[in-house]
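One file, structure.pdb, is given below (PDB, C-alpha atoms and all ligand atoms).
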```pdb
ATOM      1  CA  MET I   1     -22.538  -4.395  -9.530  1.00  0.00           C
ATOM      2  CA  ASN I   2     -19.629  -6.688 -10.385  1.00  0.00           C
ATOM      3  CA  LYS I   3     -16.096  -6.015  -9.168  1.00  0.00           C
ATOM      4  CA  LYS I   4     -14.810  -4.574 -12.442  1.00  0.00           C
ATOM      5  CA  ALA I   5     -17.773  -2.224 -12.832  1.00  0.00           C
ATOM      6  CA  LEU I   6     -17.558  -1.124  -9.204  1.00  0.00           C
ATOM      7  CA  LEU I   7     -13.854  -0.316  -9.525  1.00  0.00           C
ATOM      8  CA  ALA I   8     -14.455   1.522 -12.784  1.00  0.00           C
ATOM      9  CA  GLN I   9     -17.116   3.594 -11.020  1.00  0.00           C
ATOM     10  CA  VAL I  10     -14.705   4.452  -8.182  1.00  0.00           C
ATOM     11  CA  GLU I  11     -12.086   5.445 -10.752  1.00  0.00           C
ATOM     12  CA  LYS I  12     -14.568   7.723 -12.482  1.00  0.00           C
ATOM     13  CA  ASN I  13     -15.484   9.360  -9.173  1.00  0.00           C
ATOM     14  CA  VAL I  14     -11.818   9.825  -8.236  1.00  0.00           C
ATOM     15  CA  LEU I  15     -11.061  11.466 -11.579  1.00  0.00           C
ATOM     16  CA  THR I  16     -13.714  14.120 -10.969  1.00  0.00           C
ATOM     17  CA  CYS I  17     -13.245  14.408  -7.197  1.00  0.00           C
ATOM     18  CA  ARG I  18     -13.347  17.877  -5.648  1.00  0.00           C
ATOM     19  CA  LYS I  19     -13.862  16.843  -2.037  1.00  0.00           C
ATOM     20  CA  CYS I  20     -10.742  18.520  -0.670  1.00  0.00           C
ATOM     21  CA  ARG I  21      -8.250  21.274  -1.541  1.00  0.00           C
ATOM     22  CA  LEU I  22      -5.730  18.888  -3.156  1.00  0.00           C
ATOM     23  CA  CYS I  23      -7.578  18.825  -6.493  1.00  0.00           C
ATOM     24  CA  GLU I  24      -6.927  22.572  -6.877  1.00  0.00           C
ATOM     25  CA  HIS I  25      -3.176  22.075  -7.376  1.00  0.00           C
ATOM     26  CA  ALA I  26      -2.942  18.592  -8.858  1.00  0.00           C
ATOM     27  CA  LYS I  27      -2.720  17.946 -12.609  1.00  0.00           C
ATOM     28  CA  ASN I  28      -4.224  14.459 -12.500  1.00  0.00           C
ATOM     29  CA  ALA I  29      -5.921  12.230  -9.982  1.00  0.00           C
ATOM     30  CA  VAL I  30      -4.268   8.841  -9.422  1.00  0.00           C
ATOM     31  CA  PRO I  31      -6.971   6.258  -8.675  1.00  0.00           C
ATOM     32  CA  GLY I  32      -4.706   3.164  -8.551  1.00  0.00           C
ATOM     33  CA  GLU I  33      -4.146   0.371 -11.050  1.00  0.00           C
ATOM     34  CA  GLY I  34      -3.260  -3.251 -11.601  1.00  0.00           C
ATOM     35  CA  ASN I  35      -4.615  -6.747 -11.228  1.00  0.00           C
ATOM     36  CA  ILE I  36      -7.977  -6.521  -9.491  1.00  0.00           C
ATOM     37  CA  ASP I  37      -7.844 -10.274  -8.788  1.00  0.00           C
ATOM     38  CA  SER I  38      -4.480 -10.065  -7.022  1.00  0.00           C
ATOM     39  CA  GLU I  39      -4.047 -11.654  -3.582  1.00  0.00           C
ATOM     40  CA  ILE I  40      -1.752  -8.813  -2.591  1.00  0.00           C
ATOM     41  CA  VAL I  41      -2.090  -5.067  -2.912  1.00  0.00           C
ATOM     42  CA  PHE I  42       0.462  -2.333  -2.272  1.00  0.00           C
ATOM     43  CA  ILE I  43      -0.743   0.895  -0.730  1.00  0.00           C
ATOM     44  CA  GLY I  44       1.400   4.033  -0.680  1.00  0.00           C
ATOM     45  CA  GLU I  45       0.833   7.510   0.668  1.00  0.00           C
ATOM     46  CA  ALA I  46       0.041   9.932  -2.141  1.00  0.00           C
ATOM     47  CA  PRO I  47       1.091  10.643  -5.732  1.00  0.00           C
ATOM     48  CA  GLY I  48       4.375  12.457  -6.265  1.00  0.00           C
ATOM     49  CA  ARG I  49       5.359  14.610  -9.237  1.00  0.00           C
ATOM     50  CA  THR I  50       5.622  11.867 -11.886  1.00  0.00           C
ATOM     51  CA  GLU I  51       2.418  10.221 -10.688  1.00  0.00           C
ATOM     52  CA  ASP I  52       0.643  13.600 -10.836  1.00  0.00           C
ATOM     53  CA  GLU I  53       1.866  14.080 -14.395  1.00  0.00           C
ATOM     54  CA  THR I  54       0.836  10.611 -15.578  1.00  0.00           C
ATOM     55  CA  GLY I  55      -2.186   9.743 -13.417  1.00  0.00           C
ATOM     56  CA  ARG I  56      -0.490   6.429 -12.485  1.00  0.00           C
ATOM     57  CA  PRO I  57       0.775   5.259  -9.092  1.00  0.00           C
ATOM     58  CA  PHE I  58       4.452   4.609  -8.382  1.00  0.00           C
ATOM     59  CA  VAL I  59       5.925   5.450 -11.776  1.00  0.00           C
ATOM     60  CA  GLY I  60       8.766   7.693 -10.591  1.00  0.00           C
ATOM     61  CA  ARG I  61      12.024   6.664  -8.876  1.00  0.00           C
ATOM     62  CA  ALA I  62      10.233   5.109  -5.901  1.00  0.00           C
ATOM     63  CA  GLY I  63       8.104   3.173  -8.377  1.00  0.00           C
ATOM     64  CA  LYS I  64      11.179   1.825 -10.140  1.00  0.00           C
ATOM     65  CA  LEU I  65      12.491   0.574  -6.814  1.00  0.00           C
ATOM     66  CA  LEU I  66       9.090  -0.961  -6.057  1.00  0.00           C
ATOM     67  CA  GLU I  67       9.215  -2.794  -9.399  1.00  0.00           C
ATOM     68  CA  ASN I  68      12.719  -4.109  -8.616  1.00  0.00           C
ATOM     69  CA  LEU I  69      11.564  -5.330  -5.209  1.00  0.00           C
ATOM     70  CA  LEU I  70       8.544  -7.013  -6.777  1.00  0.00           C
ATOM     71  CA  ALA I  71      10.852  -8.766  -9.245  1.00  0.00           C
ATOM     72  CA  GLU I  72      12.902 -10.109  -6.292  1.00  0.00           C
ATOM     73  CA  ILE I  73       9.819 -12.036  -5.164  1.00  0.00           C
ATOM     74  CA  GLY I  74       8.735 -13.089  -8.634  1.00  0.00           C
ATOM     75  CA  TYR I  75       6.077 -10.499  -9.476  1.00  0.00           C
ATOM     76  CA  LYS I  76       5.692  -7.966 -12.242  1.00  0.00           C
ATOM     77  CA  ARG I  77       3.880  -4.768 -11.367  1.00  0.00           C
ATOM     78  CA  GLU I  78       0.877  -5.768 -13.482  1.00  0.00           C
ATOM     79  CA  ASP I  79       0.477  -8.942 -11.371  1.00  0.00           C
ATOM     80  CA  VAL I  80      -0.520  -6.901  -8.318  1.00  0.00           C
ATOM     81  CA  TRP I  81      -2.748  -3.930  -7.534  1.00  0.00           C
ATOM     82  CA  ILE I  82      -1.068  -0.671  -6.522  1.00  0.00           C
ATOM     83  CA  GLY I  83      -2.822   2.337  -4.998  1.00  0.00           C
ATOM     84  CA  ASN I  84      -2.528   5.167  -2.513  1.00  0.00           C
ATOM     85  CA  ILE I  85      -4.517   6.426   0.454  1.00  0.00           C
ATOM     86  CA  ILE I  86      -4.579   9.901  -1.155  1.00  0.00           C
ATOM     87  CA  LYS I  87      -5.541  10.242  -4.809  1.00  0.00           C
ATOM     88  CA  HIS I  88      -4.247  13.764  -5.582  1.00  0.00           C
ATOM     89  CA  ARG I  89      -0.688  15.001  -5.104  1.00  0.00           C
ATOM     90  CA  PRO I  90      -0.215  17.259  -2.063  1.00  0.00           C
ATOM     91  CA  PRO I  91       1.593  20.500  -3.042  1.00  0.00           C
ATOM     92  CA  GLU I  92       5.410  20.084  -2.871  1.00  0.00           C
ATOM     93  CA  ASN I  93       4.832  16.500  -1.681  1.00  0.00           C
ATOM     94  CA  ARG I  94       3.908  17.728   1.805  1.00  0.00           C
ATOM     95  CA  ASP I  95       2.364  15.248   4.242  1.00  0.00           C
ATOM     96  CA  PRO I  96      -1.356  14.697   3.720  1.00  0.00           C
ATOM     97  CA  LEU I  97      -3.547  16.422   6.329  1.00  0.00           C
ATOM     98  CA  PRO I  98      -6.073  14.502   8.434  1.00  0.00           C
ATOM     99  CA  ASP I  99      -9.088  16.063   6.664  1.00  0.00           C
ATOM    100  CA  GLU I 100      -7.598  15.133   3.261  1.00  0.00           C
ATOM    101  CA  ILE I 101      -7.078  11.535   4.378  1.00  0.00           C
ATOM    102  CA  ALA I 102     -10.660  11.451   5.690  1.00  0.00           C
ATOM    103  CA  ALA I 103     -12.086  12.912   2.452  1.00  0.00           C
ATOM    104  CA  CYS I 104     -10.262  10.345   0.328  1.00  0.00           C
ATOM    105  CA  GLN I 105     -10.957   7.361   2.576  1.00  0.00           C
ATOM    106  CA  PRO I 106     -14.215   6.174   0.960  1.00  0.00           C
ATOM    107  CA  TYR I 107     -12.432   5.519  -2.350  1.00  0.00           C
ATOM    108  CA  LEU I 108      -9.803   3.154  -0.983  1.00  0.00           C
ATOM    109  CA  LYS I 109     -12.408   1.551   1.261  1.00  0.00           C
ATOM    110  CA  VAL I 110     -14.549   0.521  -1.714  1.00  0.00           C
ATOM    111  CA  GLN I 111     -11.495  -0.428  -3.818  1.00  0.00           C
ATOM    112  CA  LEU I 112     -10.259  -2.797  -1.114  1.00  0.00           C
ATOM    113  CA  GLU I 113     -13.696  -4.246  -0.456  1.00  0.00           C
ATOM    114  CA  ALA I 114     -13.994  -5.014  -4.174  1.00  0.00           C
ATOM    115  CA  ILE I 115     -10.504  -6.502  -4.569  1.00  0.00           C
ATOM    116  CA  ALA I 116     -10.646  -8.297  -1.188  1.00  0.00           C
ATOM    117  CA  PRO I 117      -6.885  -8.954  -1.011  1.00  0.00           C
ATOM    118  CA  LYS I 118      -5.447 -11.642   1.258  1.00  0.00           C
ATOM    119  CA  LEU I 119      -2.624  -9.316   2.249  1.00  0.00           C
ATOM    120  CA  ILE I 120      -2.149  -5.547   2.147  1.00  0.00           C
ATOM    121  CA  ILE I 121       1.440  -4.328   2.052  1.00  0.00           C
ATOM    122  CA  THR I 122       1.586  -0.737   3.221  1.00  0.00           C
ATOM    123  CA  LEU I 123       4.446   1.453   2.011  1.00  0.00           C
ATOM    124  CA  GLY I 124       5.512   3.963   4.657  1.00  0.00           C
ATOM    125  CA  ARG I 125       4.009   5.130   7.907  1.00  0.00           C
ATOM    126  CA  PHE I 126       1.027   7.070   6.560  1.00  0.00           C
ATOM    127  CA  ALA I 127      -0.344   4.047   4.769  1.00  0.00           C
ATOM    128  CA  MET I 128       0.319   1.842   7.814  1.00  0.00           C
ATOM    129  CA  ASN I 129      -1.398   4.284  10.173  1.00  0.00           C
ATOM    130  CA  TYR I 130      -4.391   4.420   7.855  1.00  0.00           C
ATOM    131  CA  PHE I 131      -5.040   0.782   8.792  1.00  0.00           C
ATOM    132  CA  TYR I 132      -4.011   0.917  12.457  1.00  0.00           C
ATOM    133  CA  THR I 133      -3.356   4.204  14.195  1.00  0.00           C
ATOM    134  CA  ASP I 134      -0.986   2.990  16.931  1.00  0.00           C
ATOM    135  CA  GLY I 135       1.616   1.659  14.471  1.00  0.00           C
ATOM    136  CA  LYS I 136       5.269   2.727  14.559  1.00  0.00           C
ATOM    137  CA  ILE I 137       7.055   1.977  11.308  1.00  0.00           C
ATOM    138  CA  THR I 138      10.503   1.522  12.927  1.00  0.00           C
ATOM    139  CA  ARG I 139       9.015  -1.130  15.227  1.00  0.00           C
ATOM    140  CA  ASP I 140       6.267  -2.703  13.129  1.00  0.00           C
ATOM    141  CA  HIS I 141       7.792  -2.965   9.638  1.00  0.00           C
ATOM    142  CA  GLY I 142       8.041  -6.553   8.465  1.00  0.00           C
ATOM    143  CA  THR I 143       5.433  -7.897  10.889  1.00  0.00           C
ATOM    144  CA  LEU I 144       1.885  -9.004  10.252  1.00  0.00           C
ATOM    145  CA  ARG I 145      -1.046  -7.303  11.971  1.00  0.00           C
ATOM    146  CA  LYS I 146      -4.775  -7.010  11.554  1.00  0.00           C
ATOM    147  CA  SER I 147      -6.269  -3.677  10.511  1.00  0.00           C
ATOM    148  CA  SER I 148      -8.161  -1.909  13.336  1.00  0.00           C
ATOM    149  CA  ASP I 149     -11.481  -2.811  11.718  1.00  0.00           C
ATOM    150  CA  GLY I 150     -10.452  -6.477  11.743  1.00  0.00           C
ATOM    151  CA  LYS I 151     -10.986  -6.808   7.960  1.00  0.00           C
ATOM    152  CA  TYR I 152      -7.471  -7.063   6.553  1.00  0.00           C
ATOM    153  CA  LEU I 153      -4.046  -8.508   7.229  1.00  0.00           C
ATOM    154  CA  ILE I 154      -1.486  -5.707   7.009  1.00  0.00           C
ATOM    155  CA  PHE I 155       2.236  -6.077   6.370  1.00  0.00           C
ATOM    156  CA  PRO I 156       3.900  -2.654   6.730  1.00  0.00           C
ATOM    157  CA  VAL I 157       7.242  -1.917   5.103  1.00  0.00           C
ATOM    158  CA  TYR I 158       9.321   1.244   4.752  1.00  0.00           C
ATOM    159  CA  HIS I 159       8.418   3.556   1.900  1.00  0.00           C
ATOM    160  CA  PRO I 160      10.642   3.047  -1.192  1.00  0.00           C
ATOM    161  CA  ALA I 161      11.320   6.810  -1.213  1.00  0.00           C
ATOM    162  CA  ALA I 162      12.803   6.494   2.300  1.00  0.00           C
ATOM    163  CA  ALA I 163      14.968   3.640   1.029  1.00  0.00           C
ATOM    164  CA  LEU I 164      16.212   5.832  -1.833  1.00  0.00           C
ATOM    165  CA  ARG I 165      17.248   8.482   0.693  1.00  0.00           C
ATOM    166  CA  ASN I 166      18.908   6.072   3.121  1.00  0.00           C
ATOM    167  CA  PRO I 167      20.581   2.771   2.086  1.00  0.00           C
ATOM    168  CA  ASP I 168      20.059   1.359   5.610  1.00  0.00           C
ATOM    169  CA  PHE I 169      16.303   1.572   5.064  1.00  0.00           C
ATOM    170  CA  GLY I 170      16.821   0.015   1.611  1.00  0.00           C
ATOM    171  CA  ALA I 171      18.366  -3.119   3.122  1.00  0.00           C
ATOM    172  CA  VAL I 172      15.545  -3.420   5.661  1.00  0.00           C
ATOM    173  CA  LEU I 173      12.925  -2.868   2.958  1.00  0.00           C
ATOM    174  CA  LYS I 174      14.382  -5.608   0.773  1.00  0.00           C
ATOM    175  CA  ASN I 175      14.581  -7.999   3.705  1.00  0.00           C
ATOM    176  CA  ASP I 176      10.912  -7.331   4.524  1.00  0.00           C
ATOM    177  CA  PHE I 177       9.905  -7.841   0.881  1.00  0.00           C
ATOM    178  CA  LEU I 178      11.602 -11.230   0.880  1.00  0.00           C
ATOM    179  CA  LYS I 179       9.237 -12.281   3.687  1.00  0.00           C
ATOM    180  CA  ILE I 180       6.098 -11.619   1.610  1.00  0.00           C
ATOM    181  CA  PRO I 181       5.931 -15.048  -0.116  1.00  0.00           C
ATOM    182  CA  GLU I 182       6.175 -16.867   3.184  1.00  0.00           C
ATOM    183  CA  MET I 183       3.525 -14.586   4.719  1.00  0.00           C
ATOM    184  CA  LEU I 184       1.237 -15.530   1.846  1.00  0.00           C
ATOM    185  CA  GLN I 185       1.903 -19.213   2.461  1.00  0.00           C
ATOM    186  CA  PHE I 186       0.923 -18.798   6.103  1.00  0.00           C
ATOM    187  CA  ILE I 187      -2.216 -16.928   5.139  1.00  0.00           C
ATOM    188  CA  SER I 188      -3.173 -19.593   2.568  1.00  0.00           C
ATOM    189  CA  LYS I 189      -2.842 -22.222   5.291  1.00  0.00           C
ATOM    190  CA  GLY I 190      -5.204 -20.218   7.530  1.00  0.00           C
ATOM    191  CA  GLU I 191      -2.339 -19.238   9.864  1.00  0.00           C
ATOM    192  CA  GLY I 192      -2.378 -15.493   9.113  1.00  0.00           C
ATOM    193  CA  ASP I 193      -4.765 -14.430  11.881  1.00  0.00           C
ATOM    194  CA  LYS I 194      -2.830 -16.394  14.492  1.00  0.00           C
ATOM    195  CA  MET I 195       0.431 -14.813  13.410  1.00  0.00           C
ATOM    196  CA  ALA I 196      -1.128 -11.326  13.383  1.00  0.00           C
ATOM    197  CA  GLU I 197      -2.418 -11.867  16.924  1.00  0.00           C
ATOM    198  CA  GLY I 198       1.049 -12.966  18.120  1.00  0.00           C
ATOM    199  CA  ASP I 199       4.189 -10.966  17.449  1.00  0.00           C
ATOM    200  CA  GLY I 200       3.436 -10.849  13.721  1.00  0.00           C
ATOM    201  CA  LYS I 201       6.647 -12.675  12.836  1.00  0.00           C
ATOM    202  CA  ALA I 202       7.304 -16.050  11.311  1.00  0.00           C
ATOM    203  CA  ASP I 203       9.669 -17.745  13.747  1.00  0.00           C
ATOM    204  CA  GLU I 204      12.020 -20.535  12.777  1.00  0.00           C
ATOM    205  CA  GLY I 205       9.736 -23.222  14.168  1.00  0.00           C
ATOM    206  CA  GLN I 206       6.867 -22.025  11.993  1.00  0.00           C
ATOM    207  CA  LEU I 207       9.082 -21.804   8.946  1.00  0.00           C
ATOM    208  CA  GLY I 208      10.045 -25.437   9.441  1.00  0.00           C
ATOM    209  CA  LEU I 209       6.434 -26.300   8.612  1.00  0.00           C
ATOM    210  CA  PHE I 210       7.119 -25.891   4.912  1.00  0.00           C
TER     211      PHE I 210
HETATM  212  N1  LIG V   1       4.869   7.705  -3.356  1.00  0.00           N
HETATM  213  C1  LIG V   1       3.662   7.244  -2.975  1.00  0.00           C
HETATM  214  O1  LIG V   1       3.380   7.111  -1.785  1.00  0.00           O
HETATM  215  N2  LIG V   1       2.798   6.946  -3.929  1.00  0.00           N
HETATM  216  C2  LIG V   1       3.059   7.039  -5.227  1.00  0.00           C
HETATM  217  O2  LIG V   1       2.189   6.713  -6.037  1.00  0.00           O
HETATM  218  C3  LIG V   1       4.329   7.505  -5.587  1.00  0.00           C
HETATM  219  C4  LIG V   1       5.221   7.832  -4.660  1.00  0.00           C
END
```

With the file now loaded, output its structure as structure tokens.
Ligand code: URA
Amino acid sequence: MNKKALLAQVEKNVLTCRKCRLCEHAKNAVPGEGNIDSEIVFIGEAPGRTEDETGRPFVGRAGKLLENLLAEIGYKREDVWIGNIIKHRPPENRDPLPDEIAACQPYLKVQLEAIAPKLIITLGRFAMNYFYTDGKITRDHGTLRKSSDGKYLIFPVYHPAAALRNPDFGAVLKNDFLKIPEMLQFISKGEGDKMAEGDGKADEGQLGLF
């Protein structure tokens, strides 16, 4: 099956999913959307109210901030692919439970295998911990690491909703976003794995390479 057909099949399955309790309260499933040929994908936690109403990821206030941050680095939202680890809104936006994350996991797994991004930017700690369980967002944001399964390069940043609540997080989030183009340059030069195995940061010496 080609990439487009495979992703359309996943979307169809997500839209009719009844694998966990979340579908009982949600209005719409939110499979994810965007450029399936993008080098970078953005993965959030779970749909909120506006996403639940529209069936689209990051279209509320956090989504607006995400779009502004994307513009800072020269992207429009339709240039990239945006999804979530959980496809139905948890009631009252509560944290997703481990069994809900596990039930939803096969969808994102196939989506990412099909898109095969060079870099996954995780938004918030739940999305980061989906890819490596020992992550701490206050420590690891803005650094490059490999996912536990060794398949992907992960660049965790704070969740835009956290930045809306606290301007200090907003400044850190923007600073981390501004590093994304240089991360991509490293990855394109085959330097991503080395950086992820070190401290995950581009130091000044490395930056001088460009
Ligand atoms: N927060 C998320 O984590 N995902 C969305 O799609 C919207 C808000």

request  = Could you tell me, counting all atoms listed in the file, which protein and nucleic acid residues lie no more than 8 Å from ligand LIG 1 (chain V), written as a ChimeraX atom specification?
outcome  = /I:30,43-48,50-51,56-60,62-63,83-84,123-124,159-161

ask   = Which is closest to Gly192 (chain I) among I:Pro106, I:Leu173, I:Lys146, I:Tyr158, if we use only C-alpha atoms?
value =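 Using only C-alpha atoms, Gly192 (chain I) sits closest to I:Lys146.
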
ask   = Of the candidates I:Asn28, I:Gln111, I:Thr122, I:Thr133, which shows the shortest atom-to-atom distance to Pro156 (chain I), using only C-alpha atoms?
value = I:Thr122

task = Name every residue that the PyMOL selection byres (((chain I and resi 127-130) around 12) and not hetatm) selects in this structure, writing the answer as a PyMOL selection string with chains first and numbers rising.
result = chain I and resi 42-46+83-86+95-96+98+101-102+104-105+108-109+120-126+131-149+152-159

Put those residues in a file: C-alpha atoms, as a compact mmCIF listing (two decimals), keeping the file's coordinate frame.
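Once written, part00.txt looks like this:
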```
# COMPACT_ATOMS: atom_id res chain seq x y z
CA PHE I 42 0.46 -2.33 -2.27
CA ILE I 43 -0.74 0.90 -0.73
CA GLY I 44 1.40 4.03 -0.68
CA GLU I 45 0.83 7.51 0.67
CA ALA I 46 0.04 9.93 -2.14
CA GLY I 83 -2.82 2.34 -5.00
CA ASN I 84 -2.53 5.17 -2.51
CA ILE I 85 -4.52 6.43 0.45
CA ILE I 86 -4.58 9.90 -1.16
CA ASP I 95 2.36 15.25 4.24
CA PRO I 96 -1.36 14.70 3.72
CA PRO I 98 -6.07 14.50 8.43
CA ILE I 101 -7.08 11.54 4.38
CA ALA I 102 -10.66 11.45 5.69
CA CYS I 104 -10.26 10.34 0.33
CA GLN I 105 -10.96 7.36 2.58
CA LEU I 108 -9.80 3.15 -0.98
CA LYS I 109 -12.41 1.55 1.26
CA ILE I 120 -2.15 -5.55 2.15
CA ILE I 121 1.44 -4.33 2.05
CA THR I 122 1.59 -0.74 3.22
CA LEU I 123 4.45 1.45 2.01
CA GLY I 124 5.51 3.96 4.66
CA ARG I 125 4.01 5.13 7.91
CA PHE I 126 1.03 7.07 6.56
CA PHE I 131 -5.04 0.78 8.79
CA TYR I 132 -4.01 0.92 12.46
CA THR I 133 -3.36 4.20 14.20
CA ASP I 134 -0.99 2.99 16.93
CA GLY I 135 1.62 1.66 14.47
CA LYS I 136 5.27 2.73 14.56
CA ILE I 137 7.06 1.98 11.31
CA THR I 138 10.50 1.52 12.93
CA ARG I 139 9.02 -1.13 15.23
CA ASP I 140 6.27 -2.70 13.13
CA HIS I 141 7.79 -2.96 9.64
CA GLY I 142 8.04 -6.55 8.46
CA THR I 143 5.43 -7.90 10.89
CA LEU I 144 1.88 -9.00 10.25
CA ARG I 145 -1.05 -7.30 11.97
CA LYS I 146 -4.78 -7.01 11.55
CA SER I 147 -6.27 -3.68 10.51
CA SER I 148 -8.16 -1.91 13.34
CA ASP I 149 -11.48 -2.81 11.72
CA TYR I 152 -7.47 -7.06 6.55
CA LEU I 153 -4.05 -8.51 7.23
CA ILE I 154 -1.49 -5.71 7.01
CA PHE I 155 2.24 -6.08 6.37
CA PRO I 156 3.90 -2.65 6.73
CA VAL I 157 7.24 -1.92 5.10
CA TYR I 158 9.32 1.24 4.75
CA HIS I 159 8.42 3.56 1.90
```

key: Selected residue, from I:Ala29, I:Trp81, I:Lys76, I:Lys194, that lies nearest to Ala114 (chain I) when counting all atoms listed in the file   =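 The answer is I:Trp81, which sits nearest to Ala114 (chain I).
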
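If you look at CA of Val41 (chain I) and CA of Ile187 (chain I), they are 14.3 Å away from each other.
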
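Minimum atom-to-atom distances from I:Ser188, I:Glu113, I:Leu70, I:Cys23 to Asn2 (chain I) were compared using all atoms listed in the file, and the lowest value belongs to I:Glu113.
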
task = For each of I:Leu178, I:Gly198, I:Leu164, I:Arg89, take the minimum atom-to-atom distance to Glu24 (chain I), counting all atoms listed in the file, then give the residue where this is smallest.
result =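 Counting all atoms listed in the file, the residue closest to Glu24 (chain I) is I:Arg89.
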
task = Could you expand the PyMOL selection byres (((chain I and resi 115) around 8) and not hetatm) into the explicit residues it covers here, written as an MDAnalysis selection string?
result = chainID I and resid 3 36:38 111:114 116:117

request  = Return the single residue from I:Glu92, I:Asp176, I:Glu67, I:Glu11 that is closest to His25 (chain I), with distances computed using only C-alpha atoms.
outcome  =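 Selected residue with least distance to His25 (chain I): I:Glu92.
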
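Every residue that the PyMOL selection byres (((chain I and resi 13-20) around 7) and not hetatm) selects in this file is listed here: Gln9, Val10, Glu11, Lys12, Arg21, Leu22, Cys23, Ala29, Pro31, Glu100 and Ala103 of chain I.
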
6 Å per side around region 72-87 of chain I: axis-aligned box centre and edge lengths, as lines of an AutoDock Vina configuration file:
```
center_x = 3.7
center_y = -1.4
center_z = -6.5
size_x = 30.4
size_y = 35.3
size_z = 25.9
```

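Across the structure, CA of Lys189 (chain I) and CA of Gly150 (chain I) are spaced 18.6 Å apart.
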
query = Just how far from CA of Ile82 (chain I) is CA of Pro181 (chain I), in Å to one decimal?
reply = 17.2 Å

Will you model N, CA, C and O atoms for region 15-27 of chain I and pass it back as a short mmCIF file (atom, residue, chain, number, x, y, z; two decimals), in the frame of the given file?
```cif
data_model
loop_
_atom_site.label_atom_id
_atom_site.label_comp_id
_atom_site.auth_asym_id
_atom_site.auth_seq_id
_atom_site.Cartn_x
_atom_site.Cartn_y
_atom_site.Cartn_z
N LEU I 15 -11.55 10.56 -10.53
CA LEU I 15 -11.06 11.47 -11.58
C LEU I 15 -11.78 12.82 -11.57
O LEU I 15 -11.24 13.80 -12.07
N THR I 16 -12.98 12.84 -11.01
CA THR I 16 -13.71 14.12 -10.97
C THR I 16 -13.85 14.65 -9.54
O THR I 16 -14.65 15.55 -9.28
N CYS I 17 -13.07 14.06 -8.62
CA CYS I 17 -13.24 14.41 -7.20
C CYS I 17 -12.83 15.86 -6.90
O CYS I 17 -11.77 16.31 -7.33
N ARG I 18 -13.68 16.54 -6.12
CA ARG I 18 -13.35 17.88 -5.65
C ARG I 18 -13.66 17.99 -4.16
O ARG I 18 -14.11 19.03 -3.67
N LYS I 19 -13.44 16.88 -3.44
CA LYS I 19 -13.86 16.84 -2.04
C LYS I 19 -12.89 17.54 -1.09
O LYS I 19 -13.23 17.81 0.04
N CYS I 20 -11.67 17.78 -1.55
CA CYS I 20 -10.74 18.52 -0.67
C CYS I 20 -9.88 19.44 -1.52
O CYS I 20 -9.95 19.43 -2.75
N ARG I 21 -9.05 20.23 -0.87
CA ARG I 21 -8.25 21.27 -1.54
C ARG I 21 -7.20 20.71 -2.50
O ARG I 21 -6.72 21.41 -3.37
N LEU I 22 -6.85 19.41 -2.36
CA LEU I 22 -5.73 18.89 -3.16
C LEU I 22 -6.00 18.94 -4.66
O LEU I 22 -5.08 19.10 -5.46
N CYS I 23 -7.26 18.83 -5.06
CA CYS I 23 -7.58 18.82 -6.49
C CYS I 23 -7.27 20.17 -7.14
O CYS I 23 -7.10 20.26 -8.36
N GLU I 24 -7.16 21.23 -6.31
CA GLU I 24 -6.93 22.57 -6.88
C GLU I 24 -5.52 22.71 -7.48
O GLU I 24 -5.31 23.50 -8.38
N HIS I 25 -4.57 21.94 -6.91
CA HIS I 25 -3.18 22.08 -7.38
C HIS I 25 -2.75 20.93 -8.28
O HIS I 25 -1.81 21.07 -9.05
N ALA I 26 -3.41 19.79 -8.15
CA ALA I 26 -2.94 18.59 -8.86
C ALA I 26 -3.29 18.67 -10.35
O ALA I 26 -4.27 19.28 -10.74
N LYS I 27 -2.44 18.01 -11.16
CA LYS I 27 -2.72 17.95 -12.61
C LYS I 27 -3.67 16.80 -12.90
O LYS I 27 -4.56 16.89 -13.74
#
```
